[in-house]
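Asks: File name entry06.json; file contents JSON, C-alpha atoms; full text below.
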```json
[["chain", "number", "residue", "atom", "x", "y", "z"],
["Q", 5, "VAL", "CA", 94.63, 74.34, -126.20],
["Q", 6, "ILE", "CA", 91.81, 75.26, -128.56],
["Q", 7, "ILE", "CA", 91.34, 78.91, -129.49],
["Q", 8, "PHE", "CA", 88.12, 79.93, -131.19],
["Q", 9, "VAL", "CA", 88.16, 82.84, -133.64],
["Q", 10, "ILE", "CA", 85.02, 84.52, -134.90],
["Q", 11, "SER", "CA", 85.11, 86.32, -138.26],
["Q", 12, "ARG", "CA", 82.35, 88.20, -140.03],
["Q", 13, "THR", "CA", 81.72, 88.53, -143.77],
["Q", 14, "GLY", "CA", 78.70, 90.67, -144.49],
["Q", 15, "ASN", "CA", 75.96, 89.33, -142.26],
["Q", 16, "SER", "CA", 77.52, 85.91, -141.82],
["Q", 17, "VAL", "CA", 79.56, 84.90, -138.81],
["Q", 18, "SER", "CA", 82.11, 82.09, -139.14],
["Q", 19, "LEU", "CA", 83.69, 80.16, -136.30],
["Q", 20, "TRP", "CA", 87.27, 79.02, -136.79],
["Q", 21, "ALA", "CA", 89.29, 76.91, -134.41],
["Q", 22, "LEU", "CA", 93.03, 77.05, -133.92],
["Q", 23, "CYS", "CA", 94.80, 74.01, -132.51],
["Q", 24, "TYR", "CA", 97.75, 74.17, -130.16],
["Q", 25, "SER", "CA", 100.24, 74.05, -133.03],
["Q", 26, "GLY", "CA", 98.80, 77.19, -134.58],
["Q", 27, "ASN", "CA", 97.32, 75.45, -137.61],
["Q", 28, "ILE", "CA", 93.82, 76.44, -138.70],
["Q", 29, "ILE", "CA", 91.33, 73.62, -138.49],
["Q", 30, "ASN", "CA", 89.02, 73.36, -141.48],
["Q", 31, "PRO", "CA", 86.31, 76.02, -140.95],
["Q", 32, "ALA", "CA", 83.89, 73.81, -142.81],
["Q", 33, "LEU", "CA", 84.25, 71.28, -140.00],
["Q", 34, "ALA", "CA", 84.92, 73.50, -136.98],
["Q", 35, "SER", "CA", 82.06, 72.28, -134.84],
["Q", 36, "THR", "CA", 81.17, 69.35, -132.64],
["Q", 37, "SER", "CA", 81.04, 66.02, -134.43],
["Q", 38, "ASP", "CA", 77.75, 65.22, -132.71],
["Q", 39, "VAL", "CA", 74.71, 65.53, -134.96],
["Q", 40, "LEU", "CA", 72.27, 68.23, -133.91],
["Q", 41, "ALA", "CA", 69.07, 67.23, -132.22],
["Q", 42, "LYS", "CA", 65.87, 67.97, -134.15],
["Q", 43, "SER", "CA", 65.03, 71.04, -132.04],
["Q", 44, "GLU", "CA", 68.59, 72.37, -132.36],
["Q", 45, "ALA", "CA", 68.56, 71.87, -136.13],
["Q", 46, "ILE", "CA", 65.29, 73.79, -136.48],
["Q", 47, "GLN", "CA", 66.58, 76.58, -134.24],
["Q", 48, "LYS", "CA", 69.79, 76.84, -136.30],
["Q", 49, "TYR", "CA", 67.80, 76.93, -139.55],
["Q", 50, "LYS", "CA", 65.66, 79.80, -138.34],
["Q", 51, "ARG", "CA", 68.61, 81.71, -136.83],
["Q", 52, "TYR", "CA", 70.64, 81.76, -140.06],
["Q", 53, "TYR", "CA", 67.97, 81.82, -142.75],
["Q", 54, "SER", "CA", 67.96, 85.61, -143.01],
["Q", 55, "ASP", "CA", 71.73, 85.61, -143.62],
["Q", 56, "TYR", "CA", 71.21, 82.87, -146.20],
["Q", 57, "THR", "CA", 68.77, 85.01, -148.17],
["Q", 58, "GLN", "CA", 71.22, 87.92, -148.20],
["Q", 59, "GLU", "CA", 74.28, 85.89, -149.23],
["Q", 60, "GLU", "CA", 73.69, 82.43, -150.74],
["Q", 61, "LEU", "CA", 70.59, 83.47, -152.69],
["Q", 62, "LYS", "CA", 72.53, 86.38, -154.17],
["Q", 63, "TYR", "CA", 75.38, 84.05, -155.10],
["Q", 64, "ILE", "CA", 72.90, 81.73, -156.83],
["Q", 65, "GLN", "CA", 71.55, 84.56, -158.97],
["Q", 66, "GLN", "CA", 75.07, 85.79, -159.74],
["Q", 67, "TYR", "CA", 76.05, 82.26, -160.79],
["Q", 68, "ARG", "CA", 73.05, 82.04, -163.12],
["Q", 69, "ASP", "CA", 73.77, 85.43, -164.64],
["Q", 70, "ALA", "CA", 77.43, 84.51, -165.25],
["Q", 71, "SER", "CA", 76.73, 81.02, -166.68],
["Q", 72, "ARG", "CA", 74.03, 81.74, -169.23],
["Q", 73, "ASN", "CA", 76.33, 80.51, -171.99],
["Q", 74, "ILE", "CA", 76.35, 76.97, -170.51],
["Q", 75, "LYS", "CA", 72.73, 76.91, -169.32],
["Q", 76, "GLY", "CA", 71.31, 73.40, -169.44],
["Q", 77, "SER", "CA", 74.67, 71.71, -169.99],
["Q", 78, "LEU", "CA", 75.77, 68.85, -167.75],
["Q", 79, "GLY", "CA", 78.19, 71.12, -165.88],
["Q", 80, "ASP", "CA", 75.38, 73.59, -165.23],
["Q", 81, "GLN", "CA", 73.01, 70.81, -164.17],
["Q", 82, "ILE", "CA", 75.57, 69.53, -161.62],
["Q", 83, "VAL", "CA", 75.79, 72.98, -160.02],
["Q", 84, "GLU", "CA", 72.03, 73.47, -160.14],
["Q", 85, "ARG", "CA", 71.46, 70.09, -158.45],
["Q", 86, "ALA", "CA", 73.96, 71.05, -155.73],
["Q", 87, "ILE", "CA", 71.95, 74.27, -155.29],
["Q", 88, "TRP", "CA", 68.71, 72.26, -155.18],
["Q", 89, "TYR", "CA", 69.99, 70.14, -152.31],
["Q", 90, "MET", "CA", 71.09, 73.28, -150.47],
["Q", 91, "GLU", "CA", 67.60, 74.74, -150.91],
["Q", 92, "ASN", "CA", 65.51, 71.59, -150.47],
["Q", 93, "GLY", "CA", 67.63, 68.88, -148.86],
["Q", 94, "TYR", "CA", 67.42, 70.19, -145.27],
["Q", 95, "MET", "CA", 70.74, 68.54, -144.51],
["Q", 96, "VAL", "CA", 72.56, 68.59, -141.18],
["Q", 97, "TYR", "CA", 76.28, 67.90, -140.83],
["Q", 98, "GLY", "CA", 77.47, 64.51, -139.69],
["Q", 99, "HIS", "CA", 78.99, 61.19, -140.73],
["Q", 100, "GLY", "CA", 77.72, 57.69, -141.36],
["Q", 101, "TYR", "CA", 77.15, 55.17, -144.13],
["Q", 102, "ASN", "CA", 74.15, 56.22, -146.26],
["Q", 103, "SER", "CA", 73.39, 58.77, -143.56],
["Q", 104, "TYR", "CA", 71.77, 61.16, -146.01],
["Q", 105, "GLN", "CA", 69.40, 58.51, -147.35],
["Q", 106, "LYS", "CA", 68.41, 57.62, -143.79],
["Q", 107, "LYS", "CA", 68.21, 60.97, -142.00],
["Q", 108, "GLY", "CA", 69.49, 63.78, -144.24],
["Q", 109, "ILE", "CA", 72.92, 63.78, -142.57],
["Q", 110, "VAL", "CA", 75.93, 64.57, -144.80],
["Q", 111, "ASP", "CA", 79.60, 65.41, -144.75],
["Q", 112, "CYS", "CA", 81.53, 67.04, -147.60],
["Q", 113, "SER", "CA", 82.37, 63.91, -149.56],
["Q", 114, "GLU", "CA", 78.95, 62.29, -149.17],
["Q", 115, "TYR", "CA", 77.31, 65.49, -150.43],
["Q", 116, "THR", "CA", 79.60, 65.58, -153.48],
["Q", 117, "LYS", "CA", 78.99, 61.88, -154.16],
["Q", 118, "LEU", "CA", 75.24, 62.46, -153.85],
["Q", 119, "VAL", "CA", 75.16, 65.31, -156.38],
["Q", 120, "TYR", "CA", 77.27, 63.47, -158.96],
["Q", 121, "GLY", "CA", 75.35, 60.24, -158.35],
["Q", 122, "ASP", "CA", 72.19, 61.91, -159.62],
["Q", 123, "PHE", "CA", 73.89, 62.07, -163.03],
["Q", 124, "GLY", "CA", 75.27, 58.55, -163.26],
["Q", 125, "PHE", "CA", 78.72, 59.13, -161.72],
["Q", 126, "ASN", "CA", 79.82, 56.66, -159.06],
["Q", 127, "ILE", "CA", 82.50, 58.41, -157.00],
["Q", 128, "THR", "CA", 83.81, 57.88, -153.51],
["Q", 129, "ASP", "CA", 82.32, 59.24, -150.30],
["Q", 130, "VAL", "CA", 85.76, 59.24, -148.61],
["Q", 131, "ALA", "CA", 87.39, 62.69, -148.74],
["Q", 132, "ARG", "CA", 90.95, 61.32, -148.55],
["Q", 133, "LYS", "CA", 90.43, 59.47, -151.85],
["Q", 134, "TYR", "CA", 89.41, 62.49, -153.91],
["Q", 135, "GLY", "CA", 92.94, 63.02, -155.19],
["Q", 136, "SER", "CA", 92.30, 60.08, -157.50],
["Q", 137, "VAL", "CA", 88.75, 61.05, -158.49],
["Q", 138, "GLY", "CA", 88.61, 61.98, -162.17],
["Q", 139, "THR", "CA", 91.75, 63.68, -163.47],
["Q", 140, "ARG", "CA", 93.93, 66.35, -161.86],
["Q", 141, "ILE", "CA", 93.55, 69.84, -163.38],
["Q", 142, "GLU", "CA", 96.98, 71.36, -163.78],
["Q", 143, "GLY", "CA", 97.86, 75.00, -163.26],
["Q", 144, "VAL", "CA", 95.53, 75.73, -160.33],
["Q", 145, "TYR", "CA", 97.34, 76.75, -157.14],
["Q", 146, "PRO", "CA", 97.16, 79.19, -154.19],
["Q", 147, "GLU", "CA", 99.28, 82.34, -154.03],
["Q", 148, "LYS", "CA", 99.74, 84.76, -151.13],
["Q", 149, "VAL", "CA", 99.68, 88.46, -152.01],
["Q", 150, "ASN", "CA", 99.85, 91.25, -149.42],
["Q", 151, "GLY", "CA", 99.03, 88.85, -146.59],
["Q", 152, "LYS", "CA", 95.99, 87.31, -148.27],
["Q", 153, "TRP", "CA", 95.58, 84.22, -150.38],
["Q", 154, "ARG", "CA", 94.05, 83.91, -153.80],
["Q", 155, "LEU", "CA", 93.55, 81.07, -156.23],
["Q", 156, "LYS", "CA", 95.57, 81.26, -159.43],
["Q", 157, "GLY", "CA", 94.74, 79.43, -162.63],
["Q", 158, "THR", "CA", 90.97, 79.70, -162.30],
["Q", 159, "GLU", "CA", 90.78, 80.04, -166.09],
["Q", 160, "ASN", "CA", 91.50, 76.30, -166.15],
["Q", 161, "LEU", "CA", 88.43, 75.49, -164.05],
["Q", 162, "ARG", "CA", 84.89, 74.87, -165.21],
["Q", 163, "PRO", "CA", 81.60, 74.71, -163.27],
["Q", 164, "GLY", "CA", 81.15, 71.23, -161.86],
["Q", 165, "ASP", "CA", 84.82, 70.59, -161.15],
["Q", 166, "ILE", "CA", 85.74, 69.37, -157.67],
["Q", 167, "LEU", "CA", 88.15, 71.30, -155.45],
["Q", 168, "THR", "CA", 89.94, 69.78, -152.45],
["Q", 169, "TRP", "CA", 91.65, 71.13, -149.30],
["Q", 170, "TRP", "CA", 94.34, 69.61, -147.11],
["Q", 171, "ALA", "CA", 95.03, 69.01, -143.45],
["Q", 172, "LYS", "CA", 98.03, 67.26, -141.82],
["Q", 173, "ASP", "CA", 98.11, 64.01, -139.93],
["Q", 174, "SER", "CA", 100.13, 63.37, -136.75],
["Q", 175, "LYS", "CA", 103.26, 62.76, -138.85],
["Q", 176, "GLY", "CA", 102.92, 66.03, -140.74],
["Q", 177, "ASN", "CA", 101.74, 64.43, -143.97],
["Q", 178, "LYS", "CA", 99.08, 66.22, -145.99],
["Q", 179, "TYR", "CA", 95.79, 64.51, -146.75],
["Q", 180, "ILE", "CA", 92.51, 65.69, -148.27],
["Q", 181, "SER", "CA", 90.17, 66.76, -145.50],
["Q", 182, "HIS", "CA", 87.51, 68.66, -147.43],
["Q", 183, "VAL", "CA", 85.95, 68.72, -150.90],
["Q", 184, "ALA", "CA", 83.44, 71.01, -152.61],
["Q", 185, "ILE", "CA", 81.92, 71.66, -156.03],
["Q", 186, "TYR", "CA", 83.23, 74.58, -158.08],
["Q", 187, "MET", "CA", 80.52, 76.97, -159.33],
["Q", 188, "GLY", "CA", 82.63, 79.48, -161.25],
["Q", 189, "MET", "CA", 83.83, 83.02, -160.67],
["Q", 190, "ILE", "CA", 81.53, 85.31, -158.69],
["Q", 191, "ASN", "CA", 82.54, 88.86, -157.76],
["Q", 192, "GLY", "CA", 86.00, 88.17, -159.18],
["Q", 193, "GLN", "CA", 86.52, 85.29, -156.75],
["Q", 194, "PRO", "CA", 86.09, 81.52, -157.18],
["Q", 195, "ALA", "CA", 82.91, 80.18, -155.61],
["Q", 196, "VAL", "CA", 82.30, 76.67, -154.29],
["Q", 197, "ILE", "CA", 79.26, 74.95, -152.84],
["Q", 198, "GLY", "CA", 79.61, 72.29, -150.17],
["Q", 199, "THR", "CA", 79.26, 71.54, -146.48],
["Q", 200, "ARG", "CA", 79.68, 74.34, -143.95],
["Q", 201, "SER", "CA", 78.98, 73.71, -140.30],
["Q", 202, "GLN", "CA", 78.75, 77.33, -139.19],
["Q", 203, "GLY", "CA", 76.62, 80.30, -140.23],
["Q", 204, "ASN", "CA", 74.20, 78.46, -142.54],
["Q", 205, "PRO", "CA", 70.65, 77.22, -141.91],
["Q", 206, "THR", "CA", 71.49, 73.73, -143.22],
["Q", 207, "ALA", "CA", 74.81, 71.90, -143.64],
["Q", 208, "ILE", "CA", 75.32, 73.39, -147.11],
["Q", 209, "GLY", "CA", 76.58, 76.84, -148.07],
["Q", 210, "ILE", "CA", 78.54, 78.78, -150.68],
["Q", 211, "VAL", "CA", 82.08, 80.09, -150.13],
["Q", 212, "ASN", "CA", 83.21, 83.05, -152.24],
["Q", 213, "ASN", "CA", 86.33, 84.16, -150.36],
["Q", 214, "PHE", "CA", 89.67, 82.37, -150.66],
["Q", 215, "SER", "CA", 91.67, 84.99, -148.72],
["Q", 216, "TYR", "CA", 92.37, 82.82, -145.69],
["Q", 217, "TRP", "CA", 91.93, 79.10, -144.98],
["Q", 218, "TRP", "CA", 90.16, 78.39, -148.26],
["Q", 219, "GLY", "CA", 93.19, 79.74, -150.11],
["Q", 220, "SER", "CA", 96.05, 78.68, -147.85],
["Q", 221, "ASN", "CA", 94.83, 75.07, -147.60],
["Q", 222, "PHE", "CA", 93.73, 74.60, -151.19],
["Q", 223, "PHE", "CA", 95.11, 71.29, -152.45],
["Q", 224, "THR", "CA", 93.91, 70.05, -155.84],
["Q", 225, "ALA", "CA", 91.33, 70.55, -158.57],
["Q", 226, "GLN", "CA", 89.79, 67.41, -160.06],
["Q", 227, "ARG", "CA", 87.66, 67.00, -163.19],
["Q", 228, "VAL", "CA", 85.09, 64.24, -163.38],
["Q", 229, "LEU", "CA", 82.92, 65.56, -166.20],
["Q", 230, "PRO", "CA", 83.79, 64.47, -169.77],
["Q", 231, "GLU", "CA", 84.36, 66.76, -172.73],
["Q", 232, "GLY", "CA", 81.16, 68.29, -174.04],
["Q", 233, "SER", "CA", 79.78, 68.75, -170.52],
["Q", 234, "TRP", "CA", 79.57, 72.53, -170.93],
["Q", 235, "THR", "CA", 77.70, 72.61, -174.24],
["Q", 236, "PRO", "CA", 74.04, 73.55, -173.77],
["Q", 237, "GLY", "CA", 71.63, 70.85, -174.88],
["Q", 238, "GLN", "CA", 74.29, 68.14, -175.15],
["Q", 239, "VAL", "CA", 74.38, 65.78, -172.17],
["Q", 240, "PRO", "CA", 76.82, 62.85, -172.56],
["Q", 241, "LYS", "CA", 75.04, 59.50, -172.83],
["Q", 242, "GLY", "CA", 74.50, 57.80, -169.50],
["Q", 243, "HIS", "CA", 74.60, 61.06, -167.55],
["Q", 244, "GLU", "CA", 71.04, 62.27, -167.89],
["Q", 245, "ALA", "CA", 69.56, 63.70, -164.69],
["Q", 246, "LYS", "CA", 67.81, 61.38, -162.27],
["Q", 247, "PRO", "CA", 65.37, 62.63, -159.62],
["Q", 248, "PRO", "CA", 67.02, 63.88, -156.42],
["Q", 249, "VAL", "CA", 67.28, 61.52, -153.45],
["Q", 250, "ILE", "CA", 64.70, 62.12, -150.72],
["Q", 251, "PRO", "CA", 65.73, 60.91, -147.24],
["Q", 252, "GLU", "CA", 63.65, 58.34, -145.43],
["Q", 253, "SER", "CA", 63.46, 60.74, -142.47],
["Q", 254, "TYR", "CA", 64.97, 64.06, -141.40],
["Q", 255, "VAL", "CA", 66.90, 65.34, -138.43],
["Q", 256, "LEU", "CA", 65.89, 68.74, -139.81],
["Q", 257, "PRO", "CA", 62.35, 68.39, -141.19],
["Q", 258, "PRO", "CA", 61.47, 70.51, -144.26],
["Q", 259, "GLN", "CA", 60.69, 74.05, -143.17],
["Q", 260, "LYS", "CA", 58.95, 74.87, -146.44],
["Q", 261, "ARG", "CA", 57.42, 73.00, -149.36],
["Q", 262, "ILE", "CA", 59.97, 70.90, -151.28],
["Q", 263, "VAL", "CA", 59.85, 71.54, -155.03],
["Q", 264, "ILE", "CA", 61.12, 68.58, -157.09],
["Q", 265, "PRO", "CA", 63.13, 69.72, -160.16],
["Q", 266, "LYS", "CA", 61.71, 68.86, -163.56]]
```
Could you render the structure from this file as structure tokens?
Replies:
Amino acid sequence: VIIFVISRTGNSVSLWALCYSGNIINPALASTSDVLAKSEAIQKYKRYYSDYTQEELKYIQQYRDASRNIKGSLGDQIVERAIWYMENGYMVYGHGYNSYQKKGIVDCSEYTKLVYGDFGFNITDVARKYGSVGTRIEGVYPEKVNGKWRLKGTENLRPGDILTWWAKDSKGNKYISHVAIYMGMINGQPAVIGTRSQGNPTAIGIVNNFSYWWGSNFFTAQRVLPEGSWTPGQVPKGHEAKPPVIPESYVLPPQKRIVIPK
């Protein structure tokens, strides 16, 4: 039995799915696995773009206001490139080898690999393997308070870190089912940018609420960036920015002019 639950935050509506066992399925993936048709992708983009301007664009400005002290650092550039793909990549959610390069189709791990790849990092596009990506950041864990979850130890995180979330296999063993890029603290809550299948014009969105699934299913925090990655004007050798990857074709064609970052 599948039960669908609709929740609203501001002007955004999220669709969650509950499986027969009562476990919450990843809300970032709670949609059909079939890739949208071109007309459906355009319709979805137009339907949710107004919500995007009222939420994601505000989060972007809040991130920039809060991170002025690391502006131009590698950590900041990673987050800004993730934002660029959200704004200009016109991605739709789906799976497949090099699917972004071919048609602009991404899942959570391919998106993360893509962003880091633009700065000379070669990391996996398999979500289950992210527990061994970089090094584990200790002291970051979920805690339930008054019926809601929150992430503790955020003082140990830095923009550009990678956060992971778990699901369980048929034997009850936990595995990493979702990954996203940490942006920093916004409105007193951790914010991450990554794939979201519901309530966003493209496949990418920003989450700034860990009260429910995002808190209860938090798994690990991983650091890929080397020391010195948060010092403005000092980019570690070999990790200078490359131009973003432009797909050969799009399921969702660009709905506005694409601006290539300098």
Asks: Suppose you want the space between CA of His99 (chain Q) and CA of Leu40 (chain Q); what is it in Å?
Replies: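 Distance reported for this atom pair: 11.9 Å.
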Asks: Using all atoms listed in the file, which protein or nucleic acid residues come within 12 Å of region 131-139 of chain Q? Drop anything in the same chain fewer than 4 positions from it, and give the result as a PDB file with C-alpha atoms, in the frame of the given file.
Replies:
```pdb
ATOM      1  CA  HIS Q  99      78.990  61.190-140.730  1.00  0.00           C
ATOM      2  CA  ASP Q 111      79.600  65.410-144.750  1.00  0.00           C
ATOM      3  CA  CYS Q 112      81.530  67.040-147.600  1.00  0.00           C
ATOM      4  CA  SER Q 113      82.370  63.910-149.560  1.00  0.00           C
ATOM      5  CA  GLU Q 114      78.950  62.290-149.170  1.00  0.00           C
ATOM      6  CA  TYR Q 115      77.310  65.490-150.430  1.00  0.00           C
ATOM      7  CA  THR Q 116      79.600  65.580-153.480  1.00  0.00           C
ATOM      8  CA  LYS Q 117      78.990  61.880-154.160  1.00  0.00           C
ATOM      9  CA  TYR Q 120      77.270  63.470-158.960  1.00  0.00           C
ATOM     10  CA  PHE Q 125      78.720  59.130-161.720  1.00  0.00           C
ATOM     11  CA  ASN Q 126      79.820  56.660-159.060  1.00  0.00           C
ATOM     12  CA  ILE Q 127      82.500  58.410-157.000  1.00  0.00           C
ATOM     13  CA  GLY Q 164      81.150  71.230-161.860  1.00  0.00           C
ATOM     14  CA  ASP Q 165      84.820  70.590-161.150  1.00  0.00           C
ATOM     15  CA  ILE Q 166      85.740  69.370-157.670  1.00  0.00           C
ATOM     16  CA  LEU Q 167      88.150  71.300-155.450  1.00  0.00           C
ATOM     17  CA  THR Q 168      89.940  69.780-152.450  1.00  0.00           C
ATOM     18  CA  TRP Q 169      91.650  71.130-149.300  1.00  0.00           C
ATOM     19  CA  TRP Q 170      94.340  69.610-147.110  1.00  0.00           C
ATOM     20  CA  ALA Q 171      95.030  69.010-143.450  1.00  0.00           C
ATOM     21  CA  LYS Q 172      98.030  67.260-141.820  1.00  0.00           C
ATOM     22  CA  ASP Q 173      98.110  64.010-139.930  1.00  0.00           C
ATOM     23  CA  LYS Q 178      99.080  66.220-145.990  1.00  0.00           C
ATOM     24  CA  TYR Q 179      95.790  64.510-146.750  1.00  0.00           C
ATOM     25  CA  ILE Q 180      92.510  65.690-148.270  1.00  0.00           C
ATOM     26  CA  SER Q 181      90.170  66.760-145.500  1.00  0.00           C
ATOM     27  CA  HIS Q 182      87.510  68.660-147.430  1.00  0.00           C
ATOM     28  CA  VAL Q 183      85.950  68.720-150.900  1.00  0.00           C
ATOM     29  CA  ALA Q 184      83.440  71.010-152.610  1.00  0.00           C
ATOM     30  CA  PHE Q 223      95.110  71.290-152.450  1.00  0.00           C
ATOM     31  CA  THR Q 224      93.910  70.050-155.840  1.00  0.00           C
ATOM     32  CA  ALA Q 225      91.330  70.550-158.570  1.00  0.00           C
ATOM     33  CA  GLN Q 226      89.790  67.410-160.060  1.00  0.00           C
ATOM     34  CA  ARG Q 227      87.660  67.000-163.190  1.00  0.00           C
ATOM     35  CA  VAL Q 228      85.090  64.240-163.380  1.00  0.00           C
ATOM     36  CA  LEU Q 229      82.920  65.560-166.200  1.00  0.00           C
ATOM     37  CA  PRO Q 230      83.790  64.470-169.770  1.00  0.00           C
TER      38      PRO Q 230
END
```
Asks: May I ask for the distance between CA of Val119 (chain Q) and CA of Tyr49 (chain Q), given in Å to one decimal place?
Replies: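 Computed distance, CA of Val119 (chain Q) to CA of Tyr49 (chain Q), equals 21.7 Å.
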Asks: Expressed in Å to a single decimal, how great is the separation between CA of Ser43 (chain Q) and CA of Met95 (chain Q)?
Replies: 13.9 Å
Asks: May I have the centre and edge lengths, in Å to one decimal, of an axis-aligned box around the listed atoms of region 59-78 of chain Q with 5 Å added to every side, as JSON?
Replies:
```
{"center_x": 74.0, "center_y": 77.6, "center_z": -160.6, "size_x": 16.8, "size_y": 27.5, "size_z": 32.8}
```
Asks: Skipping near chain neighbours, those fewer than 2 positions away, what residues fall within 12 Å of Ser103 (chain Q) using only C-alpha atoms, listed as a PDB file with C-alpha atoms, in the coordinates of the input?
Replies:
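After the write, out.pdb holds the following:
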```pdb
ATOM      1  CA  VAL Q  39      74.710  65.530-134.960  1.00  0.00           C
ATOM      2  CA  MET Q  95      70.740  68.540-144.510  1.00  0.00           C
ATOM      3  CA  VAL Q  96      72.560  68.590-141.180  1.00  0.00           C
ATOM      4  CA  TYR Q  97      76.280  67.900-140.830  1.00  0.00           C
ATOM      5  CA  GLY Q  98      77.470  64.510-139.690  1.00  0.00           C
ATOM      6  CA  HIS Q  99      78.990  61.190-140.730  1.00  0.00           C
ATOM      7  CA  GLY Q 100      77.720  57.690-141.360  1.00  0.00           C
ATOM      8  CA  TYR Q 101      77.150  55.170-144.130  1.00  0.00           C
ATOM      9  CA  GLN Q 105      69.400  58.510-147.350  1.00  0.00           C
ATOM     10  CA  LYS Q 106      68.410  57.620-143.790  1.00  0.00           C
ATOM     11  CA  LYS Q 107      68.210  60.970-142.000  1.00  0.00           C
ATOM     12  CA  GLY Q 108      69.490  63.780-144.240  1.00  0.00           C
ATOM     13  CA  ILE Q 109      72.920  63.780-142.570  1.00  0.00           C
ATOM     14  CA  VAL Q 110      75.930  64.570-144.800  1.00  0.00           C
ATOM     15  CA  ASP Q 111      79.600  65.410-144.750  1.00  0.00           C
ATOM     16  CA  SER Q 113      82.370  63.910-149.560  1.00  0.00           C
ATOM     17  CA  GLU Q 114      78.950  62.290-149.170  1.00  0.00           C
ATOM     18  CA  TYR Q 115      77.310  65.490-150.430  1.00  0.00           C
ATOM     19  CA  LEU Q 118      75.240  62.460-153.850  1.00  0.00           C
ATOM     20  CA  ASP Q 129      82.320  59.240-150.300  1.00  0.00           C
ATOM     21  CA  VAL Q 249      67.280  61.520-153.450  1.00  0.00           C
ATOM     22  CA  ILE Q 250      64.700  62.120-150.720  1.00  0.00           C
ATOM     23  CA  PRO Q 251      65.730  60.910-147.240  1.00  0.00           C
ATOM     24  CA  GLU Q 252      63.650  58.340-145.430  1.00  0.00           C
ATOM     25  CA  SER Q 253      63.460  60.740-142.470  1.00  0.00           C
ATOM     26  CA  TYR Q 254      64.970  64.060-141.400  1.00  0.00           C
ATOM     27  CA  VAL Q 255      66.900  65.340-138.430  1.00  0.00           C
TER      28      VAL Q 255
END
```
Asks: Excluding same-chain residues fewer than 3 positions from Asn92 (chain Q), what lies within 10 Å of it counting only C-alpha atoms, as an mmCIF file with C-alpha atoms, keeping the file's coordinate frame?
Replies:
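Just written: out.cif:
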```cif
data_model
loop_
_atom_site.group_PDB
_atom_site.id
_atom_site.type_symbol
_atom_site.label_atom_id
_atom_site.label_comp_id
_atom_site.auth_asym_id
_atom_site.auth_seq_id
_atom_site.Cartn_x
_atom_site.Cartn_y
_atom_site.Cartn_z
ATOM 1 C CA ALA Q 86 73.960 71.050 -155.730
ATOM 2 C CA ILE Q 87 71.950 74.270 -155.290
ATOM 3 C CA TRP Q 88 68.710 72.260 -155.180
ATOM 4 C CA TYR Q 89 69.990 70.140 -152.310
ATOM 5 C CA MET Q 95 70.740 68.540 -144.510
ATOM 6 C CA THR Q 206 71.490 73.730 -143.220
ATOM 7 C CA PRO Q 248 67.020 63.880 -156.420
ATOM 8 C CA ILE Q 250 64.700 62.120 -150.720
ATOM 9 C CA PRO Q 258 61.470 70.510 -144.260
ATOM 10 C CA GLN Q 259 60.690 74.050 -143.170
ATOM 11 C CA LYS Q 260 58.950 74.870 -146.440
ATOM 12 C CA ARG Q 261 57.420 73.000 -149.360
ATOM 13 C CA ILE Q 262 59.970 70.900 -151.280
ATOM 14 C CA VAL Q 263 59.850 71.540 -155.030
ATOM 15 C CA ILE Q 264 61.120 68.580 -157.090
#
```
Asks: Return the single residue from Q:Lys42, Q:Lys48, Q:Lys156, Q:Arg162 that is closest to Ser77 (chain Q), with distances computed using all atoms listed in the file.
Replies: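 Nearest candidate to Ser77 (chain Q) out of Q:Lys42, Q:Lys48, Q:Lys156, Q:Arg162: Q:Arg162.
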Asks: Using all atoms listed in the file, can you tell me which of Q:Val130, Q:Ala207, Q:Ala245, Q:Met90 comes closest to Leu78 (chain Q)?
Replies: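 Distance minimum relative to Leu78 (chain Q) lands on Q:Ala245.
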Asks: May I ask which of the residues Q:Gln47, Q:Gln202, Q:Asn221, Q:Thr235 is the closest one to Pro257 (chain Q), counting all atoms listed in the file?
Replies: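 Between Q:Gln47, Q:Gln202, Q:Asn221, Q:Thr235, the residue approaching Pro257 (chain Q) most closely is Q:Gln47.
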Asks: Would you list the residues near (99.2, 72.4, -163.2) (no more than 10 Å away, in the coordinates of the file, using all atoms listed in the file) as a list in words?
Replies: Arg140, Ile141, Glu142, Gly143, Val144, Tyr145, Gly157, Asn160, Thr224 and Ala225 of chain Q
Asks: Closest to Glu84 (chain Q) among Q:Ile64, Q:Ala195, Q:Val149, Q:Ile210, using all atoms listed in the file?
Replies: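 For Glu84 (chain Q), the nearest of the candidates is Q:Ile64.
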